[in-house]
file entry26.txt (compact mmCIF, C-alpha atoms)
# COMPACT_ATOMS: atom_id res chain seq x y z
CA MET A 7 0.00 0.00 0.00
CA THR A 8 2.80 2.40 0.86
CA ASP A 9 4.37 1.47 -2.47
CA LEU A 10 1.21 2.56 -4.26
CA ALA A 11 1.07 5.80 -2.27
CA LEU A 12 4.68 6.52 -3.17
CA ARG A 13 3.98 5.87 -6.84
CA TRP A 14 0.97 8.19 -6.67
CA GLN A 15 3.23 10.93 -5.36
CA THR A 16 5.74 10.52 -8.16
CA LEU A 17 3.09 10.13 -10.87
CA PRO A 18 3.08 13.83 -11.91
CA ALA A 19 6.86 13.78 -12.29
CA HIS A 20 6.67 10.59 -14.34
CA LEU A 21 3.95 11.96 -16.63
CA ALA A 22 5.84 15.23 -17.02
CA ASP A 23 8.74 13.19 -18.43
CA THR A 24 6.55 11.96 -21.29
CA PRO A 25 5.06 14.29 -23.93
CA LEU A 26 1.56 13.03 -23.01
CA LEU A 27 0.61 15.48 -20.29
CA SER A 28 1.96 18.53 -22.10
CA THR A 29 0.22 17.54 -25.33
CA ALA A 30 -3.09 16.90 -23.57
CA LEU A 31 -2.86 20.26 -21.76
CA THR A 32 -2.15 22.15 -24.99
CA LEU A 33 -5.00 20.51 -26.93
CA PHE A 34 -7.38 20.96 -24.00
CA ALA A 35 -6.50 24.65 -23.51
CA PHE A 36 -6.76 25.33 -27.25
CA MET A 37 -10.19 23.69 -27.53
CA LEU A 38 -11.50 25.30 -24.36
CA GLY A 39 -10.21 28.67 -25.57
CA ALA A 40 -12.04 28.22 -28.89
CA ARG A 41 -15.17 27.18 -27.00
CA LEU A 42 -15.09 30.14 -24.60
CA PHE A 43 -14.50 32.43 -27.57
CA GLN A 44 -17.82 31.21 -29.02
CA VAL A 45 -19.59 31.55 -25.67
CA ILE A 46 -18.51 35.18 -25.19
CA LYS A 47 -19.73 35.96 -28.75
CA GLN A 48 -16.38 36.17 -30.57
CA PRO A 49 -15.12 39.57 -29.40
CA GLY A 50 -12.56 41.17 -31.71
CA TRP A 51 -10.50 42.40 -28.75
CA CYS A 52 -9.87 38.94 -27.33
CA PRO A 53 -8.92 36.31 -29.92
CA PRO A 54 -9.14 32.61 -28.95
CA ILE A 55 -5.33 32.28 -28.80
CA LEU A 56 -5.18 34.80 -25.94
CA ILE A 57 -7.83 32.92 -23.95
CA ALA A 58 -6.17 29.57 -24.70
CA SER A 59 -2.66 30.75 -23.76
CA SER A 60 -3.86 32.29 -20.49
CA LEU A 61 -5.72 29.06 -19.63
CA LEU A 62 -2.65 27.00 -20.46
CA ALA A 63 -0.41 29.21 -18.31
CA LEU A 64 -2.91 28.89 -15.46
CA LEU A 65 -2.98 25.08 -15.80
CA ILE A 66 0.82 24.83 -15.80
CA TRP A 67 0.98 27.11 -12.79
CA VAL A 68 -1.65 25.17 -10.82
CA LEU A 69 -0.32 21.69 -11.66
CA PRO A 70 2.88 20.44 -10.04
CA ILE A 71 4.88 20.81 -13.25
CA GLY A 72 7.14 23.67 -14.29
CA TYR A 73 7.16 25.51 -17.61
CA GLN A 74 10.45 23.83 -18.61
CA ASP A 75 8.91 20.35 -18.08
CA TYR A 76 5.83 21.40 -20.01
CA TYR A 77 7.88 22.83 -22.89
CA GLN A 78 10.01 19.71 -23.25
CA GLY A 79 6.86 17.66 -23.68
CA ALA A 80 5.03 20.03 -26.01
CA ALA A 81 7.95 21.16 -28.18
CA TRP A 82 7.11 18.53 -30.82
CA LEU A 83 3.91 20.45 -31.61
CA MET A 84 6.06 23.35 -32.75
CA LEU A 85 7.80 21.04 -35.21
CA LEU A 86 4.47 20.88 -37.05
CA LEU A 87 4.82 24.63 -37.70
CA GLY A 88 7.13 23.64 -40.57
CA PRO A 89 4.59 21.64 -42.63
CA ALA A 90 1.83 24.08 -41.54
CA THR A 91 3.75 27.02 -43.02
CA VAL A 92 4.37 25.06 -46.23
CA ALA A 93 0.61 24.29 -46.29
CA LEU A 94 -0.11 28.04 -46.64
CA GLY A 95 1.13 27.62 -50.22
CA VAL A 96 -2.20 25.94 -51.05
CA PRO A 97 -4.54 28.91 -50.33
CA LEU A 98 -1.86 31.15 -51.83
CA TYR A 99 -2.16 29.22 -55.10
CA GLN A 100 -5.97 28.98 -54.94
CA GLN A 101 -6.32 32.75 -54.53
CA PHE A 102 -3.53 33.66 -56.87
CA HIS A 103 -5.80 35.49 -59.33
CA HIS A 104 -6.53 38.04 -56.57
CA ILE A 105 -2.85 38.43 -55.79
CA ARG A 106 -1.90 38.84 -59.46
CA ALA A 107 -4.36 41.75 -59.72
CA LEU A 108 -2.68 43.54 -56.81
CA TRP A 109 1.00 42.57 -57.17
CA ARG A 110 2.07 46.20 -57.54
CA PRO A 111 0.50 47.57 -54.31
CA VAL A 112 1.73 44.46 -52.48
CA LEU A 113 5.33 44.97 -53.56
CA ILE A 114 5.30 48.74 -52.92
CA THR A 115 3.67 48.44 -49.49
CA LEU A 116 5.69 45.53 -48.20
CA PRO A 117 9.18 47.03 -47.59
CA PRO A 118 8.06 50.12 -45.63
CA ALA A 119 5.34 48.15 -43.80
CA ALA A 120 7.66 45.33 -42.73
CA MET A 121 10.46 47.72 -41.76
CA LEU A 122 8.14 49.91 -39.69
CA ALA A 123 6.51 46.87 -38.01
CA ALA A 124 9.92 46.26 -36.43
CA ALA A 125 11.15 49.87 -36.24
CA TYR A 126 8.27 51.40 -34.25
CA SER A 127 8.63 48.89 -31.43
CA VAL A 128 12.42 48.82 -31.45
CA ALA A 129 12.53 52.62 -31.26
CA LEU A 130 9.91 52.78 -28.50
CA ALA A 131 11.59 50.05 -26.43
CA TRP A 132 15.00 51.73 -26.86
CA TRP A 133 13.60 55.12 -25.91
CA LEU A 134 11.86 53.66 -22.83
CA GLY A 135 15.17 52.24 -21.65
CA ALA A 136 14.78 48.52 -22.35
CA SER A 137 18.02 46.49 -22.33
CA PRO A 138 19.65 45.58 -25.68
CA ASN A 139 18.63 41.96 -25.05
CA VAL A 140 14.97 42.96 -24.69
CA VAL A 141 15.09 45.23 -27.76
CA ALA A 142 16.50 42.35 -29.83
CA SER A 143 13.77 40.03 -28.52
CA LEU A 144 11.03 42.43 -29.63
CA ALA A 145 12.40 43.19 -33.11
CA PRO A 146 10.99 40.12 -34.93
CA LYS A 147 7.56 40.56 -33.32
CA SER A 148 5.60 40.62 -36.59
CA VAL A 149 7.39 37.64 -38.13
CA THR A 150 5.96 34.14 -38.27
CA ALA A 151 7.40 31.88 -35.53
CA PRO A 152 9.69 29.55 -37.56
CA ILE A 153 11.45 32.55 -39.16
CA ALA A 154 11.39 34.66 -35.99
CA LEU A 155 13.24 31.90 -34.10
CA GLY A 156 15.95 32.02 -36.78
CA ILE A 157 16.19 35.82 -36.51
CA THR A 158 16.55 35.62 -32.73
CA GLU A 159 19.46 33.22 -33.21
CA GLN A 160 21.13 35.83 -35.43
CA ILE A 161 20.53 39.11 -33.60
CA GLY A 162 20.25 37.69 -30.08
CA GLY A 163 17.54 38.07 -27.47
CA SER A 164 15.37 35.71 -25.49
CA ALA A 165 13.28 33.20 -27.46
CA SER A 166 10.59 33.12 -24.73
CA LEU A 167 10.18 36.89 -24.71
CA MET A 168 10.18 36.92 -28.53
CA MET A 169 7.37 34.33 -28.61
CA GLY A 170 5.43 36.30 -25.99
CA GLY A 171 5.91 39.38 -28.17
CA LEU A 172 4.43 37.41 -31.06
CA LEU A 173 1.34 36.67 -28.99
CA ILE A 174 0.78 40.28 -27.92
CA THR A 175 1.53 41.60 -31.41
CA GLY A 176 -0.85 39.12 -33.04
CA VAL A 177 -3.61 39.96 -30.58
CA VAL A 178 -3.11 43.75 -30.81
CA ALA A 179 -2.88 43.61 -34.62
CA THR A 180 -6.19 41.74 -34.82
CA LEU A 181 -7.79 44.19 -32.43
CA ALA A 182 -6.31 47.24 -34.16
CA ILE A 183 -7.63 46.20 -37.55
CA SER A 184 -11.16 45.66 -36.29
CA LEU A 185 -10.96 49.12 -34.70
CA LEU A 186 -9.14 51.07 -37.41
CA ALA A 187 -10.41 49.60 -40.70
CA PRO A 188 -14.04 50.80 -40.29
CA ARG A 189 -12.90 54.22 -39.02
CA LEU A 190 -10.58 54.71 -41.99
CA GLY A 191 -13.27 53.48 -44.36
CA VAL A 192 -11.22 50.47 -45.48
CA THR A 193 -13.59 47.72 -46.58
CA ASP A 194 -11.43 45.88 -49.14
CA GLU A 195 -10.93 42.37 -47.71
CA ARG A 196 -7.68 42.02 -49.64
CA VAL A 197 -6.24 45.11 -47.91
CA ILE A 198 -7.47 43.97 -44.49
CA GLY A 199 -6.08 40.45 -45.04
CA PHE A 200 -2.70 41.75 -46.18
CA THR A 201 -2.47 44.08 -43.16
CA LEU A 202 -3.35 41.18 -40.84
CA GLY A 203 -0.62 38.98 -42.33
CA VAL A 204 2.11 41.65 -42.41
CA ASN A 205 1.54 42.75 -38.81
CA GLY A 206 -0.10 39.82 -37.08
CA HIS A 207 1.77 36.76 -38.57
CA ALA A 208 -0.04 33.41 -37.92
CA ILE A 209 -2.54 34.89 -35.45
CA GLY A 210 -3.56 37.58 -37.94
CA THR A 211 -3.64 35.04 -40.77
CA VAL A 212 -6.01 32.75 -38.87
CA ARG A 213 -8.24 35.78 -38.23
CA ALA A 214 -8.11 36.68 -41.94
CA PHE A 215 -9.31 33.19 -42.92
CA GLU A 216 -12.33 33.81 -40.67
CA ILE A 217 -13.14 36.89 -42.79
CA SER A 218 -12.85 35.22 -46.21
CA ALA A 219 -10.66 32.94 -48.34
CA ALA A 220 -9.34 35.97 -50.27
CA ALA A 221 -8.41 37.78 -47.04
CA GLY A 222 -6.69 34.59 -45.85
CA ALA A 223 -4.66 34.29 -49.03
CA PHE A 224 -3.53 37.92 -48.79
CA ALA A 225 -2.65 37.37 -45.14
CA SER A 226 -0.58 34.27 -46.04
CA LEU A 227 1.18 36.32 -48.68
CA GLY A 228 1.78 39.24 -46.29
CA MET A 229 3.04 36.89 -43.59
CA GLY A 230 5.40 35.04 -45.93
CA LEU A 231 6.79 38.21 -47.53
CA THR A 232 7.22 39.98 -44.18
CA GLY A 233 9.08 36.92 -42.89
CA ILE A 234 11.43 36.82 -45.87
CA PHE A 235 12.01 40.56 -45.92
CA THR A 236 12.58 40.87 -42.16
CA ALA A 237 14.93 37.86 -42.05
CA ILE A 238 17.19 39.65 -44.51
CA PHE A 239 16.71 43.21 -43.30
CA LEU A 240 16.94 42.89 -39.48
CA PRO A 241 20.43 41.30 -39.25
CA ILE A 242 21.74 43.94 -41.67
CA ALA A 243 20.05 46.76 -39.72
CA TRP A 244 21.51 45.37 -36.48
CA GLN A 245 24.99 45.50 -38.00
CA LEU A 246 24.53 49.02 -39.40
CA LEU A 247 23.16 50.37 -36.12
CA ALA A 248 26.01 48.59 -34.30
CA PHE A 249 23.63 46.86 -31.90
CA PRO A 250 25.31 44.04 -29.98
CA MET A 251 25.05 40.71 -31.81
CA PRO A 252 25.72 37.31 -30.24
CA MET B 3 -4.57 7.68 -47.09
CA SER B 4 -5.48 10.90 -48.88
CA MET B 5 -4.48 13.12 -45.98
CA LEU B 6 -1.31 11.12 -45.42
CA ARG B 7 -0.30 11.51 -49.05
CA GLY B 8 -0.87 15.25 -48.75
CA PHE B 9 1.16 15.41 -45.54
CA LEU B 10 4.02 13.54 -47.19
CA LEU B 11 3.96 16.09 -50.01
CA LEU B 12 4.13 18.95 -47.49
CA ILE B 13 7.06 17.29 -45.74
CA LEU B 14 8.82 16.79 -49.09
CA PHE B 15 8.46 20.49 -49.92
CA LEU B 16 9.70 21.31 -46.42
CA LEU B 17 12.73 19.10 -47.09
CA VAL B 18 13.40 20.92 -50.37
CA GLY B 19 13.06 24.29 -48.60
CA GLU B 20 15.31 23.24 -45.73
CA SER B 21 17.96 21.92 -48.14
CA LEU B 22 17.91 25.12 -50.22
CA SER B 23 18.09 27.28 -47.09
CA PHE B 24 21.08 25.29 -45.84
CA MET B 25 22.94 24.95 -49.15
CA LEU B 26 22.60 28.61 -50.11
CA ASP B 27 23.13 29.73 -46.49
CA TRP B 28 20.00 31.90 -46.56
CA PRO B 29 18.61 33.47 -43.40
CA ILE B 30 15.07 32.49 -44.56
CA SER B 31 13.61 29.42 -42.86
CA GLY B 32 13.08 26.24 -44.87
CA SER B 33 9.33 26.35 -44.25
CA VAL B 34 8.89 29.69 -46.05
CA ILE B 35 11.04 28.54 -48.99
CA GLY B 36 8.92 25.36 -48.98
CA MET B 37 5.74 27.46 -49.10
CA ILE B 38 6.98 29.47 -52.08
CA THR B 39 8.23 26.33 -53.85
CA LEU B 40 4.85 24.66 -53.30
CA THR B 41 2.95 27.68 -54.69
CA THR B 42 5.25 27.79 -57.73
CA TRP B 43 4.85 24.04 -58.30
CA LEU B 44 1.05 24.30 -58.07
CA MET B 45 1.03 27.20 -60.54
CA LEU B 46 3.09 25.21 -63.02
CA ARG B 47 0.77 22.23 -62.60
CA GLY B 48 -2.37 24.34 -62.82
CA HIS B 49 -4.41 22.47 -60.22
CA VAL B 50 -4.26 21.37 -56.59
CA SER B 51 -4.92 17.75 -55.57
CA GLN B 52 -7.55 16.72 -53.03
CA ASP B 53 -4.75 15.09 -50.99
CA LEU B 54 -2.98 18.38 -50.53
CA VAL B 55 -6.17 20.21 -49.57
CA ALA B 56 -7.06 17.48 -47.04
CA ALA B 57 -3.65 17.79 -45.37
CA SER B 58 -3.25 21.57 -45.47
CA GLN B 59 -6.68 22.67 -44.23
CA PRO B 60 -6.44 21.19 -40.71
CA LEU B 61 -2.82 22.31 -40.34
CA ILE B 62 -3.75 25.91 -41.21
CA ALA B 63 -6.74 25.79 -38.85
CA PHE B 64 -4.47 24.78 -35.97
CA LEU B 65 -1.62 27.12 -36.84
CA THR B 66 -2.07 29.18 -33.67
CA MET B 67 -2.18 26.05 -31.48
CA LEU B 68 1.26 25.07 -32.76
CA ILE B 69 2.89 28.25 -31.41
CA MET B 70 1.22 27.93 -27.98
CA PRO B 71 4.05 25.92 -26.31
CA GLY B 72 6.50 28.75 -27.04
CA VAL B 73 4.10 31.63 -26.56
CA VAL B 74 2.95 30.60 -23.08
CA GLY B 75 6.55 30.93 -21.85
CA VAL B 76 6.03 34.68 -21.55
CA PHE B 77 3.78 34.11 -18.53
CA PHE B 78 6.74 32.53 -16.71
CA LEU B 79 9.38 35.19 -17.42
CA GLY B 80 8.22 37.48 -14.58
CA ALA B 81 11.25 38.10 -12.40
CA GLN B 82 13.84 38.01 -15.20
CA LEU B 83 12.46 41.16 -16.73
CA ALA B 84 11.53 43.09 -13.63
CA GLY B 85 11.40 46.82 -14.31
CA GLN B 86 11.16 46.40 -18.08
CA TRP B 87 7.59 45.17 -18.38
CA LEU B 88 6.14 48.63 -18.93
CA ALA B 89 8.63 49.39 -21.71
CA ILE B 90 7.88 46.01 -23.30
CA ALA B 91 4.11 46.43 -23.10
CA ILE B 92 4.11 50.01 -24.42
CA SER B 93 6.49 49.28 -27.28
CA LEU B 94 4.54 46.18 -28.37
CA ILE B 95 1.07 47.71 -28.09
CA VAL B 96 1.77 51.23 -29.38
CA GLY B 97 4.26 49.93 -31.97
CA THR B 98 1.75 47.45 -33.34
CA LEU B 99 -1.07 50.02 -33.44
CA LEU B 100 1.17 52.40 -35.41
CA SER B 101 2.36 49.74 -37.82
CA VAL B 102 -1.17 48.44 -38.47
CA LEU B 103 -2.25 52.02 -39.18
CA THR B 104 0.66 52.54 -41.59
CA THR B 105 0.11 49.27 -43.48
CA LEU B 106 -3.64 49.87 -43.78
CA LEU B 107 -3.17 53.40 -45.13
CA LEU B 108 -0.36 52.48 -47.56
CA MET B 109 -2.01 49.32 -48.91
CA ASN B 110 -5.41 50.98 -49.19
CA ARG B 111 -3.99 53.93 -51.07
CA PHE B 112 -2.05 51.84 -53.59
CA THR B 113 -4.90 49.35 -54.04
CA ARG B 114 -7.33 52.18 -54.78
CA ALA B 115 -4.91 53.60 -57.32
CA VAL B 116 -4.87 50.23 -59.09
CA SER B 117 -8.66 49.86 -59.00
CA GLU B 118 -9.14 53.40 -60.33
CA SER B 119 -6.66 52.95 -63.18
CA GLU B 120 -8.42 49.69 -64.09
CA SER B 121 -11.79 51.40 -64.20
CA HIS B 122 -10.32 54.07 -66.53
CA ASP B 123 -9.08 51.44 -69.00

call {"tool": "encode", "arguments": {"input": "entry26.txt", "output": "structure tokens"}}
result
Amino acid sequence: MTDLALRWQTLPAHLADTPLLSTALTLFAFMLGARLFQVIKQPGWCPPILIASSLLALLIWVLPIGYQDYYQGAAWLMLLLGPATVALGVPLYQQFHHIRALWRPVLITLPPAAMLAAAYSVALAWWLGASPNVVASLAPKSVTAPIALGITEQIGGSASLMMGGLLITGVVATLAISLLAPRLGVTDERVIGFTLGVNGHAIGTVRAFEISAAAGAFASLGMGLTGIFTAIFLPIAWQLLAFPMP
Amino acid sequence: MSMLRGFLLLILFLLVGESLSFMLDWPISGSVIGMITLTTWLMLRGHVSQDLVAASQPLIAFLTMLIMPGVVGVFFLGAQLAGQWLAIAISLIVGTLLSVLTTLLLMNRFTRAVSESESHD
């Protein structure tokens, strides 16, 4: 009996060593987040990912496992980001006739938009006295996760803070578009989708697919192009500005 | 099998992207090169198979779930960044608001110009 009691005590530690618990927690939090999002009538200011991440953080905090244990178990989910990013090529192809019609505005808007997406926050963080490490972590905030992780390796910074920055940026971008687009009289779904993808990476792109297939395709395009452009431009900018690099 | 065939195709394009990224020493991740290669391949072929649609749709729907393990780490950074949280929050929120505003205005302006020139033709 004491043997069983002892095993019961070490059960959480044992389960935390396998990917099972972490995977179950992630799926559960994601589904509950999506469910709650429906229940509270899909508010634009609080996308499902924000609810799901807060729930997940709460679960990890309540349960006798640490974030490091959780991450080790759930990291394999992030490997699926690779094929998922490749999969965006499908809607991109299906909506290509829309993109062909607007290739010129897309190519003109992209460089300033992607540069400013990084520059506004870098400048603000610098001005507010954040450490160089923090500034570097915030720079790739509008870039899709697989590319952003690569940028962080190049210019330095904390991967955890960078990923947190992605969450906040994605959420704020989604919110900002639902606030600003009607006030500026922007109704073109292609423009809204592109803005969501350039600024809000995967979170914005998922939101754009909720609007329409065309918006989703423009978001995929904006996300991909911003990723490519920023991956080239940020390391060069870091060198030119003589920011510390690892 | 349909979905599995599609998934294999996605993985193959990811492999191509990863190899190109490594061989040419590009800073762009293999997944984005894979995405562009896939789009180009589909355009050359002229149609998209049911397999590929079956595999890509669920992956795209769960895209945000796949970043959750990394994203949730921010809730556990607390003490490491003491004193910098305000700077982080302001720069992320205000910076994103400004950049959304800029992109919306730029893209809307250029898109309108295109639509107007088309209607003149």

call {"tool": "residues_around", "arguments": {"input": "entry26.txt", "residues": "Val112 (chain A)", "least_positions_apart": "6", "cutoff": "10 Å", "atoms": "only C-alpha atoms", "output": "list in words"}}
result
Ile105, Arg106, Val197, Phe200, Phe224, Leu227, Gly228 and Leu231 of chain A; Leu108, Met109, Phe112 and Thr113 of chain B

call {"tool": "closest_residue", "arguments": {"input": "entry26.txt", "among": "A:Tyr77, A:Tyr126, A:Phe239, A:Trp244", "to": "Ile95 (chain B)", "atoms": "only C-alpha atoms"}}
result
A:Tyr126

call {"tool": "atom_distance", "arguments": {"input": "entry26.txt", "atom1": "CA of Ser31 (chain B)", "atom2": "CA of Ile153 (chain A)"}}
result
5.3 Å

call {"tool": "atom_distance", "arguments": {"input": "entry26.txt", "atom1": "CA of Ser33 (chain B)", "atom2": "CA of Thr158 (chain A)"}}
result
16.5 Å

call {"tool": "closest_residue", "arguments": {"input": "entry26.txt", "among": "A:Leu87, A:Val192, A:Trp67, A:Phe249", "to": "Trp132 (chain A)", "atoms": "all atoms listed in the file"}}
result
A:Phe249

call {"tool": "atom_distance", "arguments": {"input": "entry26.txt", "atom1": "CA of Leu56 (chain A)", "atom2": "CA of Phe36 (chain A)"}}
result
9.7 Å

call {"tool": "residues_around", "arguments": {"input": "entry26.txt", "residues": "region 161-171 of chain A", "least_positions_apart": "2", "cutoff": "10 Å", "atoms": "only C-alpha atoms", "output": "number ranges by chain"}}
result
A: 137-148, 150-151, 154-159, 173-177, 240-245, 249-252; B: 69-79, 83, 90-91, 93-95

call {"tool": "closest_residue", "arguments": {"input": "entry26.txt", "among": "B:Thr41, B:Thr98, B:Leu26, B:Leu65", "to": "Leu12 (chain B)", "atoms": "all atoms listed in the file"}}
result
B:Thr41

call {"tool": "residues_near_point", "arguments": {"input": "entry26.txt", "point": "(7.1, 47.8, -49.1)", "cutoff": "12 Å", "atoms": "all atoms listed in the file", "output": "list in words"}}
result
Trp109, Arg110, Pro111, Val112, Leu113, Ile114, Thr115, Leu116, Pro117, Pro118, Ala119, Ala120, Met121, Leu122, Ala123, Phe200, Thr201, Val204, Gly228, Leu231, Thr232, Phe235 and Thr236 of chain A; Thr104, Thr105, Leu108, Met109 and Phe112 of chain B

call {"tool": "write_last_selection", "arguments": {"input": "entry26.txt", "atoms": "C-alpha atoms", "output": "mmCIF file, keeping the file's coordinate frame"}}
result
data_model
loop_
_atom_site.group_PDB
_atom_site.id
_atom_site.type_symbol
_atom_site.label_atom_id
_atom_site.label_comp_id
_atom_site.auth_asym_id
_atom_site.auth_seq_id
_atom_site.Cartn_x
_atom_site.Cartn_y
_atom_site.Cartn_z
ATOM 1 C CA TRP A 109 1.000 42.570 -57.170
ATOM 2 C CA ARG A 110 2.070 46.200 -57.540
ATOM 3 C CA PRO A 111 0.500 47.570 -54.310
ATOM 4 C CA VAL A 112 1.730 44.460 -52.480
ATOM 5 C CA LEU A 113 5.330 44.970 -53.560
ATOM 6 C CA ILE A 114 5.300 48.740 -52.920
ATOM 7 C CA THR A 115 3.670 48.440 -49.490
ATOM 8 C CA LEU A 116 5.690 45.530 -48.200
ATOM 9 C CA PRO A 117 9.180 47.030 -47.590
ATOM 10 C CA PRO A 118 8.060 50.120 -45.630
ATOM 11 C CA ALA A 119 5.340 48.150 -43.800
ATOM 12 C CA ALA A 120 7.660 45.330 -42.730
ATOM 13 C CA MET A 121 10.460 47.720 -41.760
ATOM 14 C CA LEU A 122 8.140 49.910 -39.690
ATOM 15 C CA ALA A 123 6.510 46.870 -38.010
ATOM 16 C CA PHE A 200 -2.700 41.750 -46.180
ATOM 17 C CA THR A 201 -2.470 44.080 -43.160
ATOM 18 C CA VAL A 204 2.110 41.650 -42.410
ATOM 19 C CA GLY A 228 1.780 39.240 -46.290
ATOM 20 C CA LEU A 231 6.790 38.210 -47.530
ATOM 21 C CA THR A 232 7.220 39.980 -44.180
ATOM 22 C CA PHE A 235 12.010 40.560 -45.920
ATOM 23 C CA THR A 236 12.580 40.870 -42.160
ATOM 24 C CA THR B 104 0.660 52.540 -41.590
ATOM 25 C CA THR B 105 0.110 49.270 -43.480
ATOM 26 C CA LEU B 108 -0.360 52.480 -47.560
ATOM 27 C CA MET B 109 -2.010 49.320 -48.910
ATOM 28 C CA PHE B 112 -2.050 51.840 -53.590
#

call {"tool": "axis_aligned_box", "arguments": {"input": "entry26.txt", "around": "region 58-75 of chain B", "padding_each_side": "4 Å", "output": "AutoDock Vina command-line options"}}
result
--center_x -0.1 --center_y 26.4 --center_z -33.7 --size_x 21.3 --size_y 18.4 --size_z 31.6

call {"tool": "closest_residue", "arguments": {"input": "entry26.txt", "among": "A:Gly206, A:Gly199, A:Pro25, A:Gly95", "to": "chain B", "atoms": "all atoms listed in the file"}}
result
A:Gly95

call {"tool": "residues_around", "arguments": {"input": "entry26.txt", "residues": "Ile30 (chain B)", "least_positions_apart": "3", "cutoff": "8 Å", "atoms": "only C-alpha atoms", "output": "ChimeraX atom specification"}}
result
/A:153,156,233-234,237-238 /B:23,34-35

call {"tool": "write_last_selection", "arguments": {"input": "entry26.txt", "atoms": "C-alpha atoms", "output": "compact mmCIF listing (two decimals), in the coordinates of the input"}}
result
# COMPACT_ATOMS: atom_id res chain seq x y z
CA ILE A 153 11.45 32.55 -39.16
CA GLY A 156 15.95 32.02 -36.78
CA GLY A 233 9.08 36.92 -42.89
CA ILE A 234 11.43 36.82 -45.87
CA ALA A 237 14.93 37.86 -42.05
CA ILE A 238 17.19 39.65 -44.51
CA SER B 23 18.09 27.28 -47.09
CA VAL B 34 8.89 29.69 -46.05
CA ILE B 35 11.04 28.54 -48.99

call {"tool": "closest_residue", "arguments": {"input": "entry26.txt", "among": "B:Gly85, B:Gly80, B:Gly48, B:Gly36", "to": "chain A", "atoms": "all atoms listed in the file"}}
result
B:Gly36

call {"tool": "closest_residue", "arguments": {"input": "entry26.txt", "among": "B:Gln82, B:Ser51, B:Thr66, B:Ser101", "to": "Val96 (chain A)", "atoms": "all atoms listed in the file"}}
result
B:Ser51
